[in-house]
Structure formats: C-alpha cells, structure tokens
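A short write-up of the structure that comes next.
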Amino acid sequence: MSESIAENATRLWTPTGFSEDEWSHADSADALSGNGRFILPLQAFLDLDPAVRRSAKERLGVLLQPGDQLEKIADLLDQISLVALAFPAFSDGRSFSKGELLRSRYRFEGAVRATGQVLIDQLPHMLRLGFDEFEVSNPVLLKRLEEGRTGGLPLSYQPTVKPEAKGPKYSWRRVRAG
C-alpha cells in the first residue's frame with residue numbers, strides 16, 4: 001500500500017484528481033453557526049428556516065440516505081450547493097438512481113457527491129450518471145486513483161446524463177468518453 005494512503009482515511013476525489021475537502025459532515029444545523037461548509041442529514045436540512053437555507057446556500061449541503069425520498073428536496077434544490085448521496089453498502093444501488101434523477105429530471109447543477117462504499121467497479125458508472133465528487137476510503141480504489149486509473153469498460157449499453165458517441169453496429173451501444 002502507498003505511504004500516502006492512511007489506514008481508513010477518506011479522501012475527496014474529483015475527475016481532476018484528489019483535492020482538499022472544503023465540506024464537513026454535521027449532525028445538526030448548529031454547525032452553521034460556525035464558519036465552513038456543512039453537509040446536513042435530510043431532516044436537519046428540512047428543519048431549517050427557509051430564510052436560513054437561502055442565506056446559507058453556498059455553505060449548505062444535504063446528505064440523502066438510500067431510503068430518503070429525493071422528492072423531499074426537489075423544490076429546494078435552488079437552496080443547496082451540494083447533494084451527497086450515501087452508499088452505506090456496495091450492494092445498495094438506490095443512490096445511483098437519485099444521482100441520475102438529480103441531473104436529468106431536476107437539472108441540478110450543484111455538486112453531486114458519492115459517500116460511503118464507493119468501489120472501483122462502480123466509479124465509471126457514477127461518473128456517467130453525473131456524480132462529480134467522491135469521498136473515497138476503499139484502499140484499492142484509492143491506490144488506483146492515485147495511479148490515474150479509473151477503470152471501466154470502453155462500451156456501455158445504457159444511455160446516461162452525459163451524452164456519449166454511438167458505438168459500432170448497434171444503436172444502443174455507447175462509446176465511453178475519455
């Protein structure tokens with residue numbers, strides 16, 4: 001294992017590489033009294049006064065667990081800079097759908113972050129769905145990302161939010177960009 005990968009460390013990765021994370025996870029809206037940018041659980045975000053949500057937009061994010069309904073924030077997306085979607089287990093894919101819906105149906109232009117069990121084989125699909133930030137703690141994925149390897153297959157069969165060129169022979173086959 002690389003010396004730069006600490007045991008159980010979580011690092012922020014974007015398609016441009018690793019960066020310092022400006023956001024902190026907070027359990028309640030009390031965190032907003034301090035400086036910084038905070039990701040609040042859904043209910044803490046919904047309990048905020050609407051005026052506070054609007055004034056704190058640039059430093060306010062919301063965390064949705066797989067069982068949380070995306071529709072609860074659909075009309076409030078203009079008051080959020082970041083939506084973090086939780087992947088508590090690699091086998092729970094409900095947050096994949098939420099990421100795609102944020103981009104395609106709700107046209108959310110803020111950051112969409114994956115947090116939790118982000119694995120190497122899921123990363124290319126997450127990128128295609130519109131995720132643009134990843135809290136990575138998996139040692140295998142950390143190592144591969146440090147080496148500049150994002151993995152994935154060059155062809156896909158599902159259209160996604162990010163348009164891709166059509167592949168050879170079949171109208172539904174897509175060639176992965178980049």
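Letters for chains follow the order of the structure tokens (A, B, ...), residue numbers begin at 1 for each chain, and ligand numbers begin at 1 in the order shown.
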
Which of chain A counts as alpha helix (DSSP H) under DSSP, as a VMD selection string please? chain A and resid 42 to 46 50 to 55 71 to 74 94 to 104 123 to 129 139 to 146

Just to be explicit: take each residue in the selection above, keep C-alpha atoms, and write the result as a compact mmCIF listing (two decimals), in the first residue's frame.
# COMPACT_ATOMS: atom_id res chain seq x y z
CA LEU A 42 -32.02 15.35 5.30
CA GLN A 43 -34.22 16.04 8.32
CA ALA A 44 -31.82 18.64 9.76
CA PHE A 45 -31.83 20.40 6.38
CA LEU A 46 -35.64 20.29 6.10
CA PRO A 50 -36.30 28.82 4.72
CA ALA A 51 -34.55 32.18 5.14
CA VAL A 52 -31.54 30.42 6.70
CA ARG A 53 -31.45 27.92 3.84
CA ARG A 54 -31.44 30.70 1.26
CA SER A 55 -28.80 32.80 3.03
CA GLU A 71 -38.77 14.45 -3.85
CA LYS A 72 -38.44 15.96 -0.35
CA ILE A 73 -35.71 18.31 -1.64
CA ALA A 74 -36.82 18.63 -5.29
CA ARG A 94 -30.69 3.29 -4.82
CA SER A 95 -28.37 6.29 -4.70
CA PHE A 96 -27.33 5.62 -8.32
CA SER A 97 -30.90 6.41 -9.38
CA LYS A 98 -31.01 9.53 -7.24
CA GLY A 99 -27.81 10.84 -8.83
CA GLU A 100 -29.19 10.35 -12.32
CA LEU A 101 -32.54 11.93 -11.42
CA LEU A 102 -30.86 14.97 -9.87
CA ARG A 103 -29.18 15.68 -13.21
CA SER A 104 -31.79 14.55 -15.76
CA LEU A 123 -16.85 4.68 -10.25
CA PRO A 124 -17.14 4.79 -14.08
CA HIS A 125 -20.92 4.34 -13.90
CA MET A 126 -21.21 7.02 -11.20
CA LEU A 127 -19.30 9.44 -13.44
CA ARG A 128 -21.65 8.70 -16.34
CA LEU A 129 -24.67 9.37 -14.12
CA PRO A 139 -7.84 1.21 -0.26
CA VAL A 140 -7.96 -0.47 -3.69
CA LEU A 141 -9.81 2.45 -5.24
CA LEU A 142 -7.52 4.99 -3.54
CA LYS A 143 -4.46 3.24 -4.95
CA ARG A 144 -5.87 3.05 -8.47
CA LEU A 145 -6.96 6.67 -8.45
CA GLU A 146 -3.50 7.73 -7.27

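Residues in contact range of Ile80 of chain A, defined as at most 8 Å between only C-alpha atoms, with sequence neighbours fewer than 6 positions away removed, read A:Arg53, A:Lys57, A:Glu58, A:Leu60, A:Gly61, A:Val62, A:Gly110.
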
Keeping only C-alpha atoms, write those residues as a PDB file, in the first residue's frame.
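Produced file again.pdb, reproduced below:
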ATOM      1  CA  ARG A  53     -31.455  27.916   3.842  1.00  0.00           C
ATOM      2  CA  LYS A  57     -26.824  28.221   0.243  1.00  0.00           C
ATOM      3  CA  GLU A  58     -23.115  28.417  -0.641  1.00  0.00           C
ATOM      4  CA  LEU A  60     -25.041  24.193   2.772  1.00  0.00           C
ATOM      5  CA  GLY A  61     -25.245  20.631   1.513  1.00  0.00           C
ATOM      6  CA  VAL A  62     -27.632  17.790   2.246  1.00  0.00           C
ATOM      7  CA  GLY A 110     -24.565  21.837  -7.974  1.00  0.00           C
TER       8      GLY A 110
END

All strand (DSSP E or B) residues (DSSP, backbone) inside segment 37-178 of chain A, as a PDB file with all heavy atoms, in the first residue's frame:
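New file selection_10.pdb:
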ATOM      1  N   ARG A  37     -18.290  24.941   5.427  1.00  0.00           N
ATOM      2  CA  ARG A  37     -19.346  24.392   4.588  1.00  0.00           C
ATOM      3  C   ARG A  37     -19.752  23.047   5.193  1.00  0.00           C
ATOM      4  O   ARG A  37     -18.893  22.243   5.512  1.00  0.00           O
ATOM      5  CB  ARG A  37     -18.831  24.232   3.167  1.00  0.00           C
ATOM      6  CG  ARG A  37     -18.353  25.581   2.602  1.00  0.00           C
ATOM      7  CD  ARG A  37     -17.757  25.418   1.246  1.00  0.00           C
ATOM      8  NE  ARG A  37     -18.845  25.625   0.277  1.00  0.00           N
ATOM      9  CZ  ARG A  37     -18.700  25.535  -1.032  1.00  0.00           C
ATOM     10  NH1 ARG A  37     -17.538  25.216  -1.553  1.00  0.00           N
ATOM     11  NH2 ARG A  37     -19.720  25.740  -1.832  1.00  0.00           N
ATOM     12  N   PHE A  38     -21.066  22.834   5.309  1.00  0.00           N
ATOM     13  CA  PHE A  38     -21.551  21.682   6.051  1.00  0.00           C
ATOM     14  C   PHE A  38     -22.583  20.885   5.265  1.00  0.00           C
ATOM     15  O   PHE A  38     -23.463  21.450   4.605  1.00  0.00           O
ATOM     16  CB  PHE A  38     -22.157  22.129   7.384  1.00  0.00           C
ATOM     17  CG  PHE A  38     -21.154  22.824   8.253  1.00  0.00           C
ATOM     18  CD1 PHE A  38     -21.069  24.209   8.280  1.00  0.00           C
ATOM     19  CD2 PHE A  38     -20.261  22.090   9.009  1.00  0.00           C
ATOM     20  CE1 PHE A  38     -20.125  24.853   9.052  1.00  0.00           C
ATOM     21  CE2 PHE A  38     -19.303  22.722   9.794  1.00  0.00           C
ATOM     22  CZ  PHE A  38     -19.239  24.106   9.812  1.00  0.00           C
ATOM     23  N   ILE A  39     -22.460  19.568   5.381  1.00  0.00           N
ATOM     24  CA  ILE A  39     -23.413  18.633   4.795  1.00  0.00           C
ATOM     25  C   ILE A  39     -24.282  18.128   5.935  1.00  0.00           C
ATOM     26  O   ILE A  39     -23.787  17.499   6.877  1.00  0.00           O
ATOM     27  CB  ILE A  39     -22.682  17.457   4.116  1.00  0.00           C
ATOM     28  CG1 ILE A  39     -21.744  17.972   3.027  1.00  0.00           C
ATOM     29  CG2 ILE A  39     -23.694  16.463   3.541  1.00  0.00           C
ATOM     30  CD1 ILE A  39     -20.799  16.917   2.467  1.00  0.00           C
ATOM     31  N   LEU A  40     -25.578  18.438   5.853  1.00  0.00           N
ATOM     32  CA  LEU A  40     -26.512  18.066   6.909  1.00  0.00           C
ATOM     33  C   LEU A  40     -27.353  16.865   6.498  1.00  0.00           C
ATOM     34  O   LEU A  40     -27.669  16.704   5.319  1.00  0.00           O
ATOM     35  CB  LEU A  40     -27.466  19.227   7.201  1.00  0.00           C
ATOM     36  CG  LEU A  40     -26.859  20.546   7.668  1.00  0.00           C
ATOM     37  CD1 LEU A  40     -27.951  21.590   7.857  1.00  0.00           C
ATOM     38  CD2 LEU A  40     -26.090  20.334   8.967  1.00  0.00           C
ATOM     39  N   PRO A  41     -27.765  16.054   7.468  1.00  0.00           N
ATOM     40  CA  PRO A  41     -28.721  14.989   7.165  1.00  0.00           C
ATOM     41  C   PRO A  41     -30.032  15.609   6.656  1.00  0.00           C
ATOM     42  O   PRO A  41     -30.337  16.771   6.962  1.00  0.00           O
ATOM     43  CB  PRO A  41     -28.936  14.291   8.505  1.00  0.00           C
ATOM     44  CG  PRO A  41     -27.820  14.734   9.381  1.00  0.00           C
ATOM     45  CD  PRO A  41     -27.373  16.068   8.866  1.00  0.00           C
ATOM     46  N   LEU A  60     -24.050  25.154   2.306  1.00  0.00           N
ATOM     47  CA  LEU A  60     -25.041  24.193   2.772  1.00  0.00           C
ATOM     48  C   LEU A  60     -25.201  23.049   1.783  1.00  0.00           C
ATOM     49  O   LEU A  60     -25.466  23.259   0.604  1.00  0.00           O
ATOM     50  CB  LEU A  60     -26.378  24.918   2.970  1.00  0.00           C
ATOM     51  CG  LEU A  60     -27.525  24.148   3.580  1.00  0.00           C
ATOM     52  CD1 LEU A  60     -27.163  23.624   4.962  1.00  0.00           C
ATOM     53  CD2 LEU A  60     -28.759  25.040   3.662  1.00  0.00           C
ATOM     54  N   GLY A  61     -25.006  21.837   2.292  1.00  0.00           N
ATOM     55  CA  GLY A  61     -25.245  20.631   1.513  1.00  0.00           C
ATOM     56  C   GLY A  61     -26.171  19.719   2.289  1.00  0.00           C
ATOM     57  O   GLY A  61     -26.388  19.900   3.490  1.00  0.00           O
ATOM     58  N   VAL A  62     -26.721  18.730   1.605  1.00  0.00           N
ATOM     59  CA  VAL A  62     -27.632  17.790   2.246  1.00  0.00           C
ATOM     60  C   VAL A  62     -27.197  16.367   1.906  1.00  0.00           C
ATOM     61  O   VAL A  62     -26.751  16.093   0.800  1.00  0.00           O
ATOM     62  CB  VAL A  62     -29.104  18.058   1.840  1.00  0.00           C
ATOM     63  CG1 VAL A  62     -29.330  17.849   0.357  1.00  0.00           C
ATOM     64  CG2 VAL A  62     -30.064  17.204   2.650  1.00  0.00           C
ATOM     65  N   LEU A  63     -27.313  15.485   2.900  1.00  0.00           N
ATOM     66  CA  LEU A  63     -26.968  14.073   2.741  1.00  0.00           C
ATOM     67  C   LEU A  63     -28.253  13.264   2.658  1.00  0.00           C
ATOM     68  O   LEU A  63     -29.083  13.330   3.563  1.00  0.00           O
ATOM     69  CB  LEU A  63     -26.126  13.584   3.930  1.00  0.00           C
ATOM     70  CG  LEU A  63     -25.853  12.079   3.989  1.00  0.00           C
ATOM     71  CD1 LEU A  63     -24.978  11.633   2.820  1.00  0.00           C
ATOM     72  CD2 LEU A  63     -25.204  11.722   5.315  1.00  0.00           C
ATOM     73  N   LEU A  64     -28.395  12.507   1.585  1.00  0.00           N
ATOM     74  CA  LEU A  64     -29.540  11.619   1.439  1.00  0.00           C
ATOM     75  C   LEU A  64     -29.080  10.179   1.602  1.00  0.00           C
ATOM     76  O   LEU A  64     -28.152   9.727   0.927  1.00  0.00           O
ATOM     77  CB  LEU A  64     -30.192  11.778   0.062  1.00  0.00           C
ATOM     78  CG  LEU A  64     -30.822  13.124  -0.271  1.00  0.00           C
ATOM     79  CD1 LEU A  64     -31.426  13.100  -1.671  1.00  0.00           C
ATOM     80  CD2 LEU A  64     -31.873  13.502   0.748  1.00  0.00           C
ATOM     81  N   LEU A  82     -24.624  21.408  -2.684  1.00  0.00           N
ATOM     82  CA  LEU A  82     -24.106  20.053  -2.821  1.00  0.00           C
ATOM     83  C   LEU A  82     -25.134  19.059  -2.303  1.00  0.00           C
ATOM     84  O   LEU A  82     -25.746  19.292  -1.260  1.00  0.00           O
ATOM     85  CB  LEU A  82     -22.813  19.927  -2.004  1.00  0.00           C
ATOM     86  CG  LEU A  82     -22.156  18.560  -1.940  1.00  0.00           C
ATOM     87  CD1 LEU A  82     -20.641  18.715  -1.978  1.00  0.00           C
ATOM     88  CD2 LEU A  82     -22.554  17.800  -0.701  1.00  0.00           C
ATOM     89  N   VAL A  83     -25.321  17.977  -3.046  1.00  0.00           N
ATOM     90  CA  VAL A  83     -26.133  16.858  -2.574  1.00  0.00           C
ATOM     91  C   VAL A  83     -25.202  15.665  -2.465  1.00  0.00           C
ATOM     92  O   VAL A  83     -24.579  15.261  -3.448  1.00  0.00           O
ATOM     93  CB  VAL A  83     -27.309  16.537  -3.524  1.00  0.00           C
ATOM     94  CG1 VAL A  83     -28.054  15.296  -3.045  1.00  0.00           C
ATOM     95  CG2 VAL A  83     -28.266  17.722  -3.634  1.00  0.00           C
ATOM     96  N   ALA A  84     -25.079  15.132  -1.253  1.00  0.00           N
ATOM     97  CA  ALA A  84     -24.273  13.931  -1.012  1.00  0.00           C
ATOM     98  C   ALA A  84     -25.226  12.745  -0.955  1.00  0.00           C
ATOM     99  O   ALA A  84     -26.237  12.781  -0.252  1.00  0.00           O
ATOM    100  CB  ALA A  84     -23.508  14.067   0.302  1.00  0.00           C
ATOM    101  N   LEU A  85     -24.902  11.723  -1.725  1.00  0.00           N
ATOM    102  CA  LEU A  85     -25.730  10.523  -1.768  1.00  0.00           C
ATOM    103  C   LEU A  85     -24.950   9.383  -1.126  1.00  0.00           C
ATOM    104  O   LEU A  85     -23.819   9.087  -1.524  1.00  0.00           O
ATOM    105  CB  LEU A  85     -26.103  10.192  -3.209  1.00  0.00           C
ATOM    106  CG  LEU A  85     -26.918  11.287  -3.908  1.00  0.00           C
ATOM    107  CD1 LEU A  85     -27.099  10.969  -5.376  1.00  0.00           C
ATOM    108  CD2 LEU A  85     -28.265  11.478  -3.230  1.00  0.00           C
ATOM    109  N   ALA A  86     -25.561   8.773  -0.126  1.00  0.00           N
ATOM    110  CA  ALA A  86     -24.881   7.748   0.669  1.00  0.00           C
ATOM    111  C   ALA A  86     -24.966   6.378   0.009  1.00  0.00           C
ATOM    112  O   ALA A  86     -26.000   5.993  -0.535  1.00  0.00           O
ATOM    113  CB  ALA A  86     -25.490   7.685   2.061  1.00  0.00           C
ATOM    114  N   PHE A  87     -23.841   5.677   0.071  1.00  0.00           N
ATOM    115  CA  PHE A  87     -23.742   4.282  -0.342  1.00  0.00           C
ATOM    116  C   PHE A  87     -23.235   3.498   0.873  1.00  0.00           C
ATOM    117  O   PHE A  87     -22.050   3.206   0.978  1.00  0.00           O
ATOM    118  CB  PHE A  87     -22.763   4.145  -1.516  1.00  0.00           C
ATOM    119  CG  PHE A  87     -23.282   4.731  -2.802  1.00  0.00           C
ATOM    120  CD1 PHE A  87     -23.128   6.079  -3.077  1.00  0.00           C
ATOM    121  CD2 PHE A  87     -23.929   3.929  -3.728  1.00  0.00           C
ATOM    122  CE1 PHE A  87     -23.616   6.627  -4.251  1.00  0.00           C
ATOM    123  CE2 PHE A  87     -24.421   4.466  -4.909  1.00  0.00           C
ATOM    124  CZ  PHE A  87     -24.261   5.812  -5.178  1.00  0.00           C
ATOM    125  N   ALA A 111     -22.954  20.359  -6.972  1.00  0.00           N
ATOM    126  CA  ALA A 111     -22.133  19.153  -6.873  1.00  0.00           C
ATOM    127  C   ALA A 111     -22.985  17.976  -6.405  1.00  0.00           C
ATOM    128  O   ALA A 111     -23.821  18.117  -5.521  1.00  0.00           O
ATOM    129  CB  ALA A 111     -20.988  19.389  -5.894  1.00  0.00           C
ATOM    130  N   VAL A 112     -22.748  16.811  -7.021  1.00  0.00           N
ATOM    131  CA  VAL A 112     -23.362  15.560  -6.578  1.00  0.00           C
ATOM    132  C   VAL A 112     -22.216  14.667  -6.109  1.00  0.00           C
ATOM    133  O   VAL A 112     -21.320  14.340  -6.881  1.00  0.00           O
ATOM    134  CB  VAL A 112     -24.171  14.869  -7.700  1.00  0.00           C
ATOM    135  CG1 VAL A 112     -24.713  13.530  -7.215  1.00  0.00           C
ATOM    136  CG2 VAL A 112     -25.319  15.767  -8.165  1.00  0.00           C
ATOM    137  N   ARG A 113     -22.251  14.335  -4.838  1.00  0.00           N
ATOM    138  CA  ARG A 113     -21.151  13.612  -4.199  1.00  0.00           C
ATOM    139  C   ARG A 113     -21.599  12.222  -3.778  1.00  0.00           C
ATOM    140  O   ARG A 113     -22.677  12.045  -3.231  1.00  0.00           O
ATOM    141  CB  ARG A 113     -20.695  14.388  -2.967  1.00  0.00           C
ATOM    142  CG  ARG A 113     -19.592  13.710  -2.188  1.00  0.00           C
ATOM    143  CD  ARG A 113     -19.222  14.498  -0.960  1.00  0.00           C
ATOM    144  NE  ARG A 113     -18.481  15.704  -1.320  1.00  0.00           N
ATOM    145  CZ  ARG A 113     -17.628  16.311  -0.511  1.00  0.00           C
ATOM    146  NH1 ARG A 113     -17.414  15.855   0.709  1.00  0.00           N
ATOM    147  NH2 ARG A 113     -16.995  17.394  -0.896  1.00  0.00           N
ATOM    148  N   ALA A 114     -20.738  11.241  -4.007  1.00  0.00           N
ATOM    149  CA  ALA A 114     -20.949   9.879  -3.502  1.00  0.00           C
ATOM    150  C   ALA A 114     -20.146   9.735  -2.220  1.00  0.00           C
ATOM    151  O   ALA A 114     -18.982  10.121  -2.162  1.00  0.00           O
ATOM    152  CB  ALA A 114     -20.499   8.854  -4.531  1.00  0.00           C
ATOM    153  N   THR A 115     -20.781   9.177  -1.198  1.00  0.00           N
ATOM    154  CA  THR A 115     -20.117   8.974   0.074  1.00  0.00           C
ATOM    155  C   THR A 115     -20.417   7.572   0.593  1.00  0.00           C
ATOM    156  O   THR A 115     -21.476   7.026   0.312  1.00  0.00           O
ATOM    157  CB  THR A 115     -20.540  10.053   1.097  1.00  0.00           C
ATOM    158  OG1 THR A 115     -19.821   9.866   2.302  1.00  0.00           O
ATOM    159  CG2 THR A 115     -22.016  10.029   1.376  1.00  0.00           C
ATOM    160  N   GLY A 116     -19.474   6.978   1.275  1.00  0.00           N
ATOM    161  CA  GLY A 116     -19.680   5.628   1.794  1.00  0.00           C
ATOM    162  C   GLY A 116     -18.874   4.601   1.016  1.00  0.00           C
ATOM    163  O   GLY A 116     -17.702   4.824   0.721  1.00  0.00           O
ATOM    164  N   GLU A 133     -18.137  14.294  -7.416  1.00  0.00           N
ATOM    165  CA  GLU A 133     -17.269  14.274  -6.240  1.00  0.00           C
ATOM    166  C   GLU A 133     -17.445  12.930  -5.542  1.00  0.00           C
ATOM    167  O   GLU A 133     -18.545  12.384  -5.503  1.00  0.00           O
ATOM    168  CB  GLU A 133     -17.632  15.388  -5.253  1.00  0.00           C
ATOM    169  CG  GLU A 133     -17.398  16.771  -5.771  1.00  0.00           C
ATOM    170  CD  GLU A 133     -17.630  17.838  -4.712  1.00  0.00           C
ATOM    171  OE1 GLU A 133     -17.954  17.502  -3.545  1.00  0.00           O
ATOM    172  OE2 GLU A 133     -17.485  19.021  -5.046  1.00  0.00           O
ATOM    173  N   PHE A 134     -16.333  12.425  -4.969  1.00  0.00           N
ATOM    174  CA  PHE A 134     -16.366  11.113  -4.350  1.00  0.00           C
ATOM    175  C   PHE A 134     -15.551  11.122  -3.065  1.00  0.00           C
ATOM    176  O   PHE A 134     -14.381  11.499  -3.084  1.00  0.00           O
ATOM    177  CB  PHE A 134     -15.768  10.059  -5.301  1.00  0.00           C
ATOM    178  CG  PHE A 134     -16.474  10.024  -6.628  1.00  0.00           C
ATOM    179  CD1 PHE A 134     -16.109  10.900  -7.649  1.00  0.00           C
ATOM    180  CD2 PHE A 134     -17.515   9.133  -6.847  1.00  0.00           C
ATOM    181  CE1 PHE A 134     -16.767  10.893  -8.862  1.00  0.00           C
ATOM    182  CE2 PHE A 134     -18.180   9.121  -8.072  1.00  0.00           C
ATOM    183  CZ  PHE A 134     -17.798   9.998  -9.080  1.00  0.00           C
ATOM    184  N   GLU A 135     -16.172  10.719  -1.957  1.00  0.00           N
ATOM    185  CA  GLU A 135     -15.456  10.503  -0.710  1.00  0.00           C
ATOM    186  C   GLU A 135     -14.981   9.061  -0.755  1.00  0.00           C
ATOM    187  O   GLU A 135     -15.782   8.134  -0.644  1.00  0.00           O
ATOM    188  CB  GLU A 135     -16.365  10.736   0.494  1.00  0.00           C
ATOM    189  CG  GLU A 135     -16.743  12.181   0.693  1.00  0.00           C
ATOM    190  CD  GLU A 135     -17.661  12.386   1.884  1.00  0.00           C
ATOM    191  OE1 GLU A 135     -17.828  11.457   2.715  1.00  0.00           O
ATOM    192  OE2 GLU A 135     -18.234  13.472   1.990  1.00  0.00           O
ATOM    193  N   VAL A 136     -13.687   8.879  -0.951  1.00  0.00           N
ATOM    194  CA  VAL A 136     -13.136   7.544  -1.183  1.00  0.00           C
ATOM    195  C   VAL A 136     -12.345   7.075   0.036  1.00  0.00           C
ATOM    196  O   VAL A 136     -11.443   7.772   0.502  1.00  0.00           O
ATOM    197  CB  VAL A 136     -12.217   7.541  -2.431  1.00  0.00           C
ATOM    198  CG1 VAL A 136     -11.655   6.162  -2.691  1.00  0.00           C
ATOM    199  CG2 VAL A 136     -12.971   8.067  -3.653  1.00  0.00           C
ATOM    200  N   LEU A 155     -17.219   0.385 -23.622  1.00  0.00           N
ATOM    201  CA  LEU A 155     -18.561   0.411 -24.202  1.00  0.00           C
ATOM    202  C   LEU A 155     -19.598   0.260 -23.107  1.00  0.00           C
ATOM    203  O   LEU A 155     -19.372  -0.412 -22.113  1.00  0.00           O
ATOM    204  CB  LEU A 155     -18.740  -0.733 -25.209  1.00  0.00           C
ATOM    205  CG  LEU A 155     -17.844  -0.700 -26.428  1.00  0.00           C
ATOM    206  CD1 LEU A 155     -18.058  -1.955 -27.267  1.00  0.00           C
ATOM    207  CD2 LEU A 155     -18.100   0.544 -27.256  1.00  0.00           C
ATOM    208  N   SER A 156     -20.769   0.874 -23.310  1.00  0.00           N
ATOM    209  CA  SER A 156     -21.873   0.720 -22.377  1.00  0.00           C
ATOM    210  C   SER A 156     -23.157   0.623 -23.167  1.00  0.00           C
ATOM    211  O   SER A 156     -23.219   1.032 -24.324  1.00  0.00           O
ATOM    212  CB  SER A 156     -21.912   1.897 -21.402  1.00  0.00           C
ATOM    213  OG  SER A 156     -22.026   3.098 -22.123  1.00  0.00           O
ATOM    214  N   ALA A 165     -20.830   9.110 -27.646  1.00  0.00           N
ATOM    215  CA  ALA A 165     -20.927   8.758 -29.061  1.00  0.00           C
ATOM    216  C   ALA A 165     -21.485   7.346 -29.208  1.00  0.00           C
ATOM    217  O   ALA A 165     -21.225   6.474 -28.380  1.00  0.00           O
ATOM    218  CB  ALA A 165     -19.547   8.840 -29.700  1.00  0.00           C
ATOM    219  N   LYS A 166     -22.253   7.138 -30.263  1.00  0.00           N
ATOM    220  CA  LYS A 166     -22.772   5.799 -30.525  1.00  0.00           C
ATOM    221  C   LYS A 166     -21.639   4.893 -30.955  1.00  0.00           C
ATOM    222  O   LYS A 166     -20.741   5.285 -31.684  1.00  0.00           O
ATOM    223  CB  LYS A 166     -23.849   5.854 -31.599  1.00  0.00           C
ATOM    224  CG  LYS A 166     -25.108   6.527 -31.102  1.00  0.00           C
ATOM    225  CD  LYS A 166     -26.225   6.440 -32.092  1.00  0.00           C
ATOM    226  CE  LYS A 166     -27.450   7.071 -31.450  1.00  0.00           C
ATOM    227  NZ  LYS A 166     -28.574   7.101 -32.306  1.00  0.00           N
ATOM    228  N   ARG A 174     -22.846   2.480 -26.612  1.00  0.00           N
ATOM    229  CA  ARG A 174     -22.227   3.798 -26.462  1.00  0.00           C
ATOM    230  C   ARG A 174     -20.733   3.632 -26.225  1.00  0.00           C
ATOM    231  O   ARG A 174     -20.307   2.698 -25.543  1.00  0.00           O
ATOM    232  CB  ARG A 174     -22.808   4.552 -25.271  1.00  0.00           C
ATOM    233  CG  ARG A 174     -24.316   4.741 -25.309  1.00  0.00           C
ATOM    234  CD  ARG A 174     -24.692   5.801 -26.336  1.00  0.00           C
ATOM    235  NE  ARG A 174     -26.081   6.129 -26.293  1.00  0.00           N
ATOM    236  CZ  ARG A 174     -27.004   5.641 -27.119  1.00  0.00           C
ATOM    237  NH1 ARG A 174     -26.661   4.777 -28.035  1.00  0.00           N
ATOM    238  NH2 ARG A 174     -28.243   6.022 -27.046  1.00  0.00           N
ATOM    239  N   VAL A 175     -19.949   4.553 -26.757  1.00  0.00           N
ATOM    240  CA  VAL A 175     -18.519   4.548 -26.533  1.00  0.00           C
ATOM    241  C   VAL A 175     -18.221   5.533 -25.413  1.00  0.00           C
ATOM    242  O   VAL A 175     -18.631   6.685 -25.467  1.00  0.00           O
ATOM    243  CB  VAL A 175     -17.741   4.968 -27.816  1.00  0.00           C
ATOM    244  CG1 VAL A 175     -16.251   5.017 -27.539  1.00  0.00           C
ATOM    245  CG2 VAL A 175     -18.062   4.016 -28.953  1.00  0.00           C
TER     246      VAL A 175
END

Best match for closeness to Trp23 of chain A among A:Ile120, A:Ser81, A:Gly130, A:Gly67, counting only C-alpha atoms: A:Ser81
